[in-house]
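Engineer: As input, take my_file.cif (mmCIF, C-alpha atoms and all ligand atoms):
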```cif
data_coords
loop_
_atom_site.label_atom_id
_atom_site.label_comp_id
_atom_site.auth_asym_id
_atom_site.auth_seq_id
_atom_site.Cartn_x
_atom_site.Cartn_y
_atom_site.Cartn_z
CA MET A 4 2.99 -2.19 19.17
CA ALA A 5 3.36 -1.20 15.54
CA LYS A 6 2.38 -3.56 12.78
CA ASN A 7 5.45 -5.14 11.23
CA TRP A 8 4.16 -5.44 7.65
CA TYR A 9 2.46 -2.76 5.62
CA PRO A 10 2.79 -0.99 2.27
CA ILE A 11 4.91 2.05 1.61
CA ILE A 12 4.08 4.27 -1.35
CA ASP A 13 6.84 5.95 -3.34
CA TYR A 14 5.10 9.22 -4.14
CA GLU A 15 7.74 10.11 -6.71
CA LYS A 16 6.52 7.19 -8.82
CA CYS A 17 2.82 7.05 -7.89
CA ILE A 18 0.53 8.32 -10.63
CA GLY A 19 -2.57 8.37 -8.43
CA CYS A 20 -4.50 5.77 -10.40
CA LEU A 21 -5.93 4.46 -7.08
CA SER A 22 -5.94 0.84 -8.27
CA CYS A 23 -4.35 -0.14 -4.97
CA VAL A 24 -7.10 1.56 -2.97
CA GLN A 25 -9.76 -0.27 -4.97
CA PHE A 26 -7.86 -3.55 -4.86
CA CYS A 27 -7.24 -3.95 -1.14
CA PRO A 28 -10.21 -5.59 0.60
CA HIS A 29 -8.91 -4.73 4.06
CA GLY A 30 -9.24 -0.96 4.14
CA VAL A 31 -5.53 -0.36 4.49
CA TYR A 32 -5.66 2.62 2.14
CA ASP A 33 -7.65 5.79 1.94
CA ILE A 34 -7.41 8.61 -0.57
CA GLY A 35 -5.32 11.55 0.56
CA GLU A 36 -5.92 15.24 -0.05
CA ASN A 37 -3.51 15.13 -2.97
CA GLY A 38 -5.59 12.39 -4.60
CA LYS A 39 -3.01 9.73 -3.91
CA PRO A 40 -3.32 6.71 -1.64
CA VAL A 41 -2.46 6.98 2.02
CA VAL A 42 -1.84 4.04 4.32
CA VAL A 43 -4.37 4.78 7.06
CA ASN A 44 -4.81 1.33 8.59
CA PRO A 45 -1.44 -0.44 8.45
CA GLN A 46 -2.60 -2.83 11.15
CA ASN A 47 -5.17 -4.25 8.69
CA CYS A 48 -2.54 -5.30 6.16
CA VAL A 49 -2.13 -9.05 5.81
CA GLU A 50 1.46 -10.13 6.33
CA PHE A 51 3.19 -11.11 3.07
CA CYS A 52 0.00 -10.49 1.04
CA MET A 53 1.63 -8.21 -1.57
CA GLY A 54 -1.67 -8.18 -3.48
CA CYS A 55 -1.68 -4.47 -4.15
CA GLN A 56 1.90 -4.51 -5.40
CA LYS A 57 1.47 -7.50 -7.70
CA GLY A 58 -2.20 -7.19 -8.60
CA ALA A 59 -2.88 -3.48 -8.73
CA CYS A 60 0.20 -1.35 -9.18
CA ASP A 61 2.20 -1.77 -12.36
CA ASN A 62 5.00 0.72 -11.82
CA GLU A 63 6.90 -0.56 -8.79
CA THR A 64 5.56 2.14 -6.52
CA ILE A 65 4.60 -0.10 -3.63
CA THR A 66 7.12 -1.74 -1.33
CA TYR A 67 6.57 -3.14 2.14
CA PHE A 68 7.84 -2.29 5.52
CA ARG A 69 9.07 -5.38 7.32
CA GLY A 70 9.57 -4.96 11.01
S1 LIG B 101 -1.71 1.47 -7.82
FE1 LIG B 101 0.39 2.29 -7.70
S2 LIG B 101 0.39 4.10 -9.02
FE2 LIG B 101 -1.75 3.56 -8.64
S3 LIG B 101 -2.32 4.85 -6.88
FE3 LIG B 101 -1.63 2.86 -6.07
S4 LIG B 101 0.58 3.16 -5.62
FE4 LIG B 101 -0.07 4.83 -6.97
S1 LIG B 102 -0.61 -6.14 0.88
FE1 LIG B 102 -2.69 -6.97 0.72
S2 LIG B 102 -3.70 -6.45 2.65
FE2 LIG B 102 -1.86 -5.19 2.48
S3 LIG B 102 -2.54 -3.28 1.58
FE3 LIG B 102 -1.89 -4.60 -0.12
S4 LIG B 102 -3.73 -5.71 -0.80
FE4 LIG B 102 -4.15 -4.80 1.22
#
```
With the file now loaded, output its structure as structure tokens.
Ligand code: SF4
Ligand code: SF4

Structural biologist:
Amino acid sequence: MAKNWYPIIDYEKCIGCLSCVQFCPHGVYDIGENGKPVVVNPQNCVEFCMGCQKGACDNETITYFRG
């Protein structure tokens, strides 16, 4: 069953600073071929954490899927 809470990156807004990748201690992100973050382990994301959105990304690029 799919995880019901994980980040979604708006690639139109993402500047590829990778703060979110460095911030998340749960290995949710990896760096994609385009140098931008990719959600590779959504199942590791902590429900309602929002740490990467509030603590790392400052341009409203990260939202969350809620199942
Ligand atoms: S912190 Fe925000 S702008 Fe920076 S790489 Fe992550 S999603 Fe993109
Ligand atoms: S919400 Fe928390 S656990 Fe999920 S990717 Fe962001 S920092 Fe990691």

Engineer: Could you list, as an NGL selection string, all protein and nucleic acid residues with an atom at most 9 Å from ligand LIG 101 (chain B), counting all atoms listed in the file?

Structural biologist: :A and (11-14 or 16-26 or 34 or 38-40 or 55-56 or 58-65)

Engineer: To one decimal in Å, tell me the separation between atom CA of A:Asn37 and atom CA of A:Trp8.

Structural biologist: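 So the two atoms, atom CA of A:Asn37 and atom CA of A:Trp8, lie 24.4 Å apart.
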
Engineer: Residues up to 6 Å from ligand LIG 102 (chain B), counting only C-alpha atoms and all ligand atoms: could you list those as a PyMOL selection string?

Structural biologist: chain A and resi 9-10+27+29+31+48-49+52-55

Engineer: Between atom CA of A:Arg69 and atom CA of A:Gly35, what is the spacing in Å?

Structural biologist: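 Atom CA of A:Arg69 lies 23.2 Å from atom CA of A:Gly35.
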
Engineer: What separation in Å, quoted to one decimal, exists between atom CA of A:Val43 and atom CA of A:Tyr67?

Structural biologist: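 Result for atom CA of A:Val43 versus atom CA of A:Tyr67: 14.4 Å, one decimal.
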